[in-house]
Structure formats: structure tokens, C-alpha cells
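Visitor: Can you read through this structure? Questions will come right after.
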Amino acid sequence: MKVPFYGHQRQYLSLKDEIDANIQAVLMSEQYILGSTLKKFENELAAFTGMRYAIGVANGTDSMWLTFMALGLGPGAEIITNANTFFATASAIWIAGCTAVLVDCDEKTRCIDSDAIRRAITKRTRAIVPVHLYGQCAPMDEIRKIADEFGLFVIEDNAQAFDAHGDIFKVGELSDAVSYSFIVNKNLGTYGDGGAVSTNHAYLDDRIRTLRNHGSKQRNVHSYGFNSRLDDLHAGILSAKLKHIRAWSDRRIEIAAQYTESLGDCDFITLPYIRPGYRHVFHLYVIETIDPADREPLLAYLLLNGVDAKTHYSIAIHQQEGFPWGKDARLGGSLANAEKNAASCISLPLFPEMTEEEIQYMIQTVSAWPG
Ligand SMILES: Cc1ncc(COP(=O)(O)O)c(C=O)c1O
């Protein structure tokens, strides 16, 4: 039996009529860039997230650096983020010309450690970028307190946690802006690249809208800007999918609960930890081998037995060869937890369209690891 990591084709077939209709509508409208379908999706996204504004951009990476620029962050500004995240979180900081300050993650959740943030603050610190890693929110209430104390911006990297929330907060409530990636493999993903920013600040909405469109609000009139727009075709696809995201998140949560219940006796791994009251939407179900030396053999065994497991991310940002490639970066204290996470993580297949047979096979295969 084979258990794939993603179910893109299954999901498309389950929504084919809605998606095809939206694609057709864009094709017939002749509005392919900054058209009415994009506007409609931006409004739907703002409504779904409970925020005033949403701006569609070309991808998640752009959504972050455009926000940094719109906030006036550039050379000299230190931005604190996770050492254990996808490369793009750090690269967005560099693209804006800022200094990336990488800090450790929490021992259990693997989200950013708020004490580590506090220890890494200097007089050059201007912003914090907590990553809602694997589908679980960072402790935004603790981060908000630190930001208020030191007068810092907070930009949430929400590429992995669409439809998640904390115990006493919603995404976006305790920050200046939220960044989204809609690359195909995300919980809400298009067939290609896409991204967005949501915010409650009118000035940020206006700045990012202008920056994403060659610095132009009016034909032939330009200020400083770039080309980073979410195409209407992608907006149409996302619009069709947005209606189903809550059900898909719920299904992810159910499958994760099944894994957690069934794998509890495997003494060679730790399972994902959910903070009480948090809605963890399991973009990824990441286990860690207790002994890092077991990671590669377990991964090889899973692949050999048809389970398409992966690693997110087996090399932390500061461990990449050549880091930081002449860019401005600083390690904000010990990164021991991030390094243990990188050395021992394995992501098991988990997607809403998985069959019960696939789920059971996945569980049996992990449980039967001969060690
Ligand atoms: C945590 C995180 N941040 C940023 C990004 C960048 O998004 P994109 O690939 O759309 O540029 C991704 C995913 O790709 C991600 O997982």
C-alpha cells in the first residue's frame, strides 16, 4: 500500500465543478490581474479572518517583505524570528534589508519561545515575526506583552496555520499584520503560488496595495514599488476552496487525534503537543525521534514501506551551508531546541482526503518499526 503526502488531485476532483466554474468566469471576464475576482477574494478573506483589510500578493514570502517595507523597516532594523522555520521567513527579512535574529523554539510546541525573544532584544530590535508552525499558533498573548513593553511591531507568519486560533486570541488580533502563503501544499492552497496580508491598519493596506503594483494607484503615476499581485485565476480557485477550509481543518484535527491516540505507545518518538485551548490545524503532523540517530533509519523504513513521510525542516536556518551568505544575521542565544527539532523531526502524511485504510496503514507501519 502507498500513502501519499498530499491529496491535491483528490481535493480538486471533490470540488471540480466549483473550481472550474470560477476559472471559467475569470477567463471570460478578461480581468486577469487586479480584477473583480481578486477583489471578491480579498473581501472574503478579510471577512473570514475577521480583519478589516486583506491584500492578495504573489506569494507568502512577498507578503512578509512587503509588510516590512510598508512598516518602514530596512537596514539597521533587527527582526526576531524562529531558527526552526521554512527558509522564506528569514529570506523575507533579508530581502527588506533587515537583520534576522534567530531564536530558539519551545521544547514542546516547537513554536517560538517567548522567553528567548525577550532575551534577544536589543536597542535595534524593531519587530517580532512569530511563525505559527505546523498549524499551531505561537503564544501571541505573551508576544504582544513583550512587543508593548519594547515598542515593537508584530507580523504573524501564518503560512501554515490558516483557520487556527489560540486559547484567548484569534490570529490577527494581537499583531500589526498577518502574512499568508497559498502555495499549493498549504491548508488553503491554489494550484501554484499565492499569498496575502491581512491587517486592521488602513495605512498598511494602502502601502502594501501600492507597493505590490509598481507603486501605482493610478495609471501612469508611480511611486516606489514592485510587481507582486495575486492573479485573479488563483483568487477564483482560493475563493472556491475557502468555503471548505473549516471542514478540512476539522478533518485534519480528527485524523491527528487518531494518530495521537494510536501512536501513544511508541516509545521511540514524541508526538505533537497541543497547547490547552489552542486550535492546531495540523498543516503538518510532526513527530520527533527521541534519539536523533533514529531519524534517518525510521524515515527510510517508512519510505520503503510506502509511507511518503518528509522532514520539515531537517536543517535549521542557521545550519544552512554558508549561512548567512553575507546577509545581516545574529543568533539570539542558544538554539538547542531548534537543533534537536531539526535533527529528529519527521512529518507523517496527513491531509483531509485520506482514506481510513491509509490512516490505519500509516499507524500500523509506524507502530511496527523494528527499531
Ligand atoms: C512558515 C512559512 N513561511 C513562509 C513561507 C513562504 O511562502 P511562499 O512559498 O508562498 O513564498 C512558507 C511556505 O512556503 C512557510 O511555510
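Residues are named by chain letter and number: chains run A, B, ... in the order of the C-alpha cells, numbers start at 1 in each chain, and ligands are numbered from 1 in the order shown.
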Please give the complete set of residues from range 36-215 of chain A that DSSP, run on the backbone, assigns to helix (DSSP H, G or I), formatted as a PyMOL selection string.
Guide: chain A and resi 36-49+60-70+87-95+114-120+133-135+140-150+202-211
Visitor: Limited to C-alpha atoms, could you put the picked residues into a file as a PDB file, in the first residue's frame?
Guide:
```
ATOM      1  CA  SER A  36     -13.109  41.754  -9.618  1.00  0.00           C
ATOM      2  CA  THR A  37     -12.346  38.117  -8.670  1.00  0.00           C
ATOM      3  CA  LEU A  38      -9.295  39.227  -6.704  1.00  0.00           C
ATOM      4  CA  LYS A  39     -11.342  41.960  -5.010  1.00  0.00           C
ATOM      5  CA  LYS A  40     -14.035  39.430  -4.123  1.00  0.00           C
ATOM      6  CA  PHE A  41     -11.488  37.005  -2.643  1.00  0.00           C
ATOM      7  CA  GLU A  42      -9.810  39.793  -0.674  1.00  0.00           C
ATOM      8  CA  ASN A  43     -13.188  40.691   0.833  1.00  0.00           C
ATOM      9  CA  GLU A  44     -13.919  37.051   1.648  1.00  0.00           C
ATOM     10  CA  LEU A  45     -10.506  36.630   3.239  1.00  0.00           C
ATOM     11  CA  ALA A  46     -10.953  39.760   5.355  1.00  0.00           C
ATOM     12  CA  ALA A  47     -14.386  38.523   6.474  1.00  0.00           C
ATOM     13  CA  PHE A  48     -13.138  35.012   7.243  1.00  0.00           C
ATOM     14  CA  THR A  49     -10.209  36.256   9.298  1.00  0.00           C
ATOM     15  CA  GLY A  60       3.885  34.236   1.133  1.00  0.00           C
ATOM     16  CA  THR A  61       7.485  35.418   1.031  1.00  0.00           C
ATOM     17  CA  ASP A  62       6.491  38.657  -0.702  1.00  0.00           C
ATOM     18  CA  SER A  63       3.651  39.150   1.763  1.00  0.00           C
ATOM     19  CA  MET A  64       6.244  39.374   4.537  1.00  0.00           C
ATOM     20  CA  TRP A  65       8.860  41.628   2.987  1.00  0.00           C
ATOM     21  CA  LEU A  66       6.224  43.931   1.502  1.00  0.00           C
ATOM     22  CA  THR A  67       4.821  44.297   5.025  1.00  0.00           C
ATOM     23  CA  PHE A  68       8.273  45.011   6.478  1.00  0.00           C
ATOM     24  CA  MET A  69       8.819  47.707   3.836  1.00  0.00           C
ATOM     25  CA  ALA A  70       5.352  49.144   4.366  1.00  0.00           C
ATOM     26  CA  PHE A  87      13.811  29.427   4.861  1.00  0.00           C
ATOM     27  CA  ALA A  88      11.437  32.094   3.481  1.00  0.00           C
ATOM     28  CA  THR A  89      10.707  33.590   6.897  1.00  0.00           C
ATOM     29  CA  ALA A  90      14.358  34.598   7.178  1.00  0.00           C
ATOM     30  CA  SER A  91      14.837  35.413   3.496  1.00  0.00           C
ATOM     31  CA  ALA A  92      11.940  37.902   3.630  1.00  0.00           C
ATOM     32  CA  ILE A  93      13.820  39.730   6.409  1.00  0.00           C
ATOM     33  CA  TRP A  94      16.940  39.877   4.240  1.00  0.00           C
ATOM     34  CA  ILE A  95      15.070  40.987   1.125  1.00  0.00           C
ATOM     35  CA  SER A 114       8.744  33.939  24.140  1.00  0.00           C
ATOM     36  CA  ASP A 115      11.492  33.969  26.823  1.00  0.00           C
ATOM     37  CA  ALA A 116      14.060  33.547  24.051  1.00  0.00           C
ATOM     38  CA  ILE A 117      12.521  36.546  22.256  1.00  0.00           C
ATOM     39  CA  ARG A 118      12.841  38.653  25.380  1.00  0.00           C
ATOM     40  CA  ARG A 119      16.499  37.699  25.831  1.00  0.00           C
ATOM     41  CA  ALA A 120      17.337  38.556  22.199  1.00  0.00           C
ATOM     42  CA  LEU A 133       4.498  26.427  12.986  1.00  0.00           C
ATOM     43  CA  TYR A 134       2.954  23.181  11.695  1.00  0.00           C
ATOM     44  CA  GLY A 135      -0.561  24.634  12.189  1.00  0.00           C
ATOM     45  CA  MET A 140       0.593  35.596  20.819  1.00  0.00           C
ATOM     46  CA  ASP A 141      -0.576  36.927  24.189  1.00  0.00           C
ATOM     47  CA  GLU A 142       2.950  36.588  25.612  1.00  0.00           C
ATOM     48  CA  ILE A 143       4.438  38.048  22.426  1.00  0.00           C
ATOM     49  CA  ARG A 144       2.031  41.012  22.481  1.00  0.00           C
ATOM     50  CA  LYS A 145       3.129  41.827  26.045  1.00  0.00           C
ATOM     51  CA  ILE A 146       6.790  41.857  25.013  1.00  0.00           C
ATOM     52  CA  ALA A 147       6.002  43.962  21.935  1.00  0.00           C
ATOM     53  CA  ASP A 148       4.131  46.511  24.049  1.00  0.00           C
ATOM     54  CA  GLU A 149       6.906  46.655  26.599  1.00  0.00           C
ATOM     55  CA  PHE A 150       9.593  47.346  23.996  1.00  0.00           C
ATOM     56  CA  ALA A 202      -5.670  51.424   6.846  1.00  0.00           C
ATOM     57  CA  TYR A 203      -2.185  52.848   6.222  1.00  0.00           C
ATOM     58  CA  LEU A 204      -0.679  49.369   5.859  1.00  0.00           C
ATOM     59  CA  ASP A 205      -3.437  48.308   3.494  1.00  0.00           C
ATOM     60  CA  ASP A 206      -2.800  51.374   1.357  1.00  0.00           C
ATOM     61  CA  ARG A 207       1.026  51.000   1.413  1.00  0.00           C
ATOM     62  CA  ILE A 208       1.039  47.299   0.563  1.00  0.00           C
ATOM     63  CA  ARG A 209      -1.564  47.728  -2.200  1.00  0.00           C
ATOM     64  CA  THR A 210       0.633  50.417  -3.742  1.00  0.00           C
ATOM     65  CA  LEU A 211       3.925  48.557  -3.253  1.00  0.00           C
TER      66      LEU A 211
END
```
Visitor: Report as a tab-separated table: every residue of chain A with an atom at most 6 Å from ligand 1, its closest pair of atoms, and their distance in Å to one decimal, counting only C-alpha atoms and all ligand atoms, with rows sorted by chain and ascending residue number.
Guide:
```
residue	atom	partner	partner_atom_place_in_ligand_line	distance
A:Asn59	CA	ligand 1	10 (O)	4.0
A:Gly60	CA	ligand 1	10 (O)	3.5
A:Thr61	CA	ligand 1	11 (O)	3.7
A:Thr85	CA	ligand 1	1 (C)	5.5
A:Phe86	CA	ligand 1	1 (C)	4.9
A:Ala88	CA	ligand 1	4 (C)	4.8
A:Thr89	CA	ligand 1	3 (N)	4.8
A:Val131	CA	ligand 1	1 (C)	5.9
A:Asp157	CA	ligand 1	3 (N)	5.8
A:Ala159	CA	ligand 1	2 (C)	4.9
A:Gln160	CA	ligand 1	16 (O)	5.6
A:Ser181	CA	ligand 1	10 (O)	4.1
A:Phe182	CA	ligand 1	10 (O)	5.8
A:Ile183	CA	ligand 1	10 (O)	4.9
A:Asp193	CA	ligand 1	10 (O)	5.9
A:Gly194	CA	ligand 1	10 (O)	5.8
A:Gly195	CA	ligand 1	10 (O)	5.7
```
Visitor: Store the residues picked out above in a file with N, CA and C atoms, as a tab-separated table (two decimals), in the first residue's frame.
Guide:
```tsv
chain	number	residue	atom	x	y	z
A	59	ASN	N	2.99	35.70	-3.42
A	59	ASN	CA	3.36	34.52	-2.62
A	59	ASN	C	3.54	34.95	-1.16
A	60	GLY	N	3.75	33.96	-0.30
A	60	GLY	CA	3.89	34.24	1.13
A	60	GLY	C	5.15	35.01	1.47
A	61	THR	N	6.22	34.72	0.77
A	61	THR	CA	7.48	35.42	1.03
A	61	THR	C	7.31	36.91	0.77
A	85	THR	N	12.21	27.28	11.05
A	85	THR	CA	11.09	27.65	10.18
A	85	THR	C	11.51	27.39	8.76
A	86	PHE	N	10.57	27.56	7.83
A	86	PHE	CA	10.94	27.47	6.42
A	86	PHE	C	11.85	28.66	6.10
A	88	ALA	N	12.01	30.83	3.96
A	88	ALA	CA	11.44	32.09	3.48
A	88	ALA	C	11.19	33.11	4.60
A	89	THR	N	10.95	32.64	5.81
A	89	THR	CA	10.71	33.59	6.90
A	89	THR	C	11.94	34.47	7.07
A	131	VAL	N	6.24	32.49	14.00
A	131	VAL	CA	5.71	31.57	12.96
A	131	VAL	C	4.72	30.63	13.63
A	157	ASP	N	3.65	35.14	10.87
A	157	ASP	CA	3.85	34.29	9.69
A	157	ASP	C	2.84	33.15	9.80
A	159	ALA	N	1.67	31.22	7.35
A	159	ALA	CA	1.67	30.36	6.16
A	159	ALA	C	1.10	28.98	6.46
A	160	GLN	N	1.30	28.51	7.70
A	160	GLN	CA	0.97	27.11	7.99
A	160	GLN	C	-0.27	26.93	8.86
A	181	SER	N	0.59	32.31	3.06
A	181	SER	CA	1.04	31.70	1.80
A	181	SER	C	-0.08	30.80	1.30
A	182	PHE	N	-0.35	30.89	0.00
A	182	PHE	CA	-1.35	29.99	-0.61
A	182	PHE	C	-0.70	29.06	-1.61
A	183	ILE	N	0.60	28.78	-1.42
A	183	ILE	CA	1.25	27.81	-2.30
A	183	ILE	C	0.46	26.50	-2.21
A	193	ASP	N	1.44	29.42	-6.99
A	193	ASP	CA	1.85	30.30	-5.88
A	193	ASP	C	0.79	31.35	-5.58
A	194	GLY	N	0.74	31.78	-4.34
A	194	GLY	CA	-0.16	32.87	-3.97
A	194	GLY	C	0.14	33.28	-2.54
A	195	GLY	N	-0.30	34.47	-2.17
A	195	GLY	CA	-0.10	34.92	-0.80
A	195	GLY	C	-1.00	36.10	-0.51
```
Visitor: Name all residues at most 9 Å from Ala100 in chain A (count only C-alpha atoms; drop same-chain ones fewer than 3 positions away) and give them as a list of chain:residue names.
Guide: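 My reading of the contact set: A:Ala77, A:Glu78, A:Ile79, A:Ile80, A:Thr81, A:Ala90, A:Ser91, A:Ile93, A:Trp94, A:Lys327, A:Asp328, A:Ala329, A:Arg330, A:Leu331.
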Visitor: In terms of the shortest atom-to-atom distance over only C-alpha atoms, which of A:Lys2, A:His234, A:Lys186, A:Lys170 is closest to Leu27 in chain A?
Guide: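 Residue with the minimum atom-to-atom distance to Leu27 in chain A: A:His234.
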Visitor: Leaving out range 292-296 of chain A and any residue of its chain fewer than 4 positions from it, which residues lie within 7 Å of it when counting only C-alpha atoms, given as a ChimeraX atom specification?
Guide: /A:300,343-344
Visitor: Which distance in Å separates CA of Cys137 in chain A and CA of His165 in chain A, to one decimal?
Guide: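 Computing it gives 6.3 Å between the two atoms.
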Visitor: What's around Val3 in chain A at 7 Å? Count only C-alpha atoms, leave out sequence neighbours fewer than 3 positions away in its own chain, and write the answer as an MDAnalysis selection string.
Guide: chainID A and resid 306:308 358
Visitor: Put those residues in a file: C-alpha atoms, as a short mmCIF file (atom, residue, chain, number, x, y, z; two decimals), in the first residue's frame.
Guide:
```cif
data_model
loop_
_atom_site.label_atom_id
_atom_site.label_comp_id
_atom_site.auth_asym_id
_atom_site.auth_seq_id
_atom_site.Cartn_x
_atom_site.Cartn_y
_atom_site.Cartn_z
CA GLY A 306 5.14 3.11 1.05
CA VAL A 307 4.53 5.90 3.60
CA ASP A 308 5.64 9.13 1.94
CA GLU A 358 -4.49 4.86 4.57
#
```
Visitor: Hey, which of A:Leu34, A:Ala247, A:Cys105, A:Met1 ends up closest to Leu335 in chain A? Count only C-alpha atoms.
Guide: A:Cys105
Visitor: List the spatial neighbours of Ile253 in chain A as number ranges by chain - criterion: any atom at most 10 Å away, only C-alpha atoms, same-chain residues fewer than 6 positions off excluded.
Guide: A: 247, 259, 279-283, 285, 350-352
Visitor: Write a file of the just-selected residues containing N, CA and C atoms, as a compact mmCIF listing (two decimals), in the first residue's frame.
Guide:
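Contents of out-v9.txt, as written:
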```txt
# COMPACT_ATOMS: atom_id res chain seq x y z
N ALA A 247 -14.20 22.79 7.25
CA ALA A 247 -14.43 21.33 7.28
C ALA A 247 -13.11 20.59 7.09
N TYR A 259 -4.12 9.61 15.14
CA TYR A 259 -2.68 9.30 15.18
C TYR A 259 -2.19 9.34 16.63
N ARG A 279 -6.48 25.84 18.84
CA ARG A 279 -6.94 25.05 17.69
C ARG A 279 -5.73 24.85 16.77
N HIS A 280 -5.14 23.67 16.82
CA HIS A 280 -3.97 23.29 16.00
C HIS A 280 -4.55 22.63 14.75
N VAL A 281 -4.33 23.22 13.58
CA VAL A 281 -4.99 22.71 12.37
C VAL A 281 -4.13 21.72 11.57
N PHE A 282 -3.03 21.29 12.16
CA PHE A 282 -2.23 20.22 11.59
C PHE A 282 -1.95 20.36 10.10
N HIS A 283 -1.38 21.50 9.75
CA HIS A 283 -0.79 21.58 8.41
C HIS A 283 0.21 20.43 8.27
N TYR A 285 1.80 17.00 10.67
CA TYR A 285 1.83 16.20 11.89
C TYR A 285 3.27 15.76 12.06
N LEU A 350 -0.66 13.57 6.34
CA LEU A 350 -1.97 13.92 6.95
C LEU A 350 -2.63 14.95 6.05
N PHE A 351 -3.72 14.56 5.42
CA PHE A 351 -4.49 15.50 4.61
C PHE A 351 -5.95 15.08 4.65
N PRO A 352 -6.87 16.04 4.47
CA PRO A 352 -8.28 15.75 4.75
C PRO A 352 -8.88 14.63 3.91
```
Visitor: Nearest to Arg126 in chain A among A:Leu152, A:Ala161, A:Ile112, A:Met354, with distances taken over only C-alpha atoms: which residue is it?
Guide: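 Using only C-alpha atoms, the shortest distance to Arg126 in chain A belongs to A:Leu152.
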Visitor: Based on DSSP run over this structure's backbone, return all residues of range 261-355 of chain A in strand (DSSP E or B), as a list in words.
Guide: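 Matching residues for strand (DSSP E or B) in range 261-355 of chain A are Ile269, Thr270, Arg279, Tyr285, Val286, Ile287, Glu288, Thr289, Val307, Lys310, Ala329, Arg330, Leu331, Cys345, Ile346, Ser347 and Leu348 of chain A.
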Visitor: Give the answer as one residue: which of A:Leu348, A:Gly371, A:Gly97, A:Asn305 has the shortest atom-to-atom distance to Gly326 in chain A, using only C-alpha atoms?
Guide: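 Closest to Gly326 in chain A of all the choices is A:Gly97.
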Visitor: Tell me which of A:Cys98, A:Leu298, A:Leu304, A:Ala256 sits closest to Ile269 in chain A, counting only C-alpha atoms.
Guide: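 Using only C-alpha atoms, Ile269 in chain A sits closest to A:Leu298.
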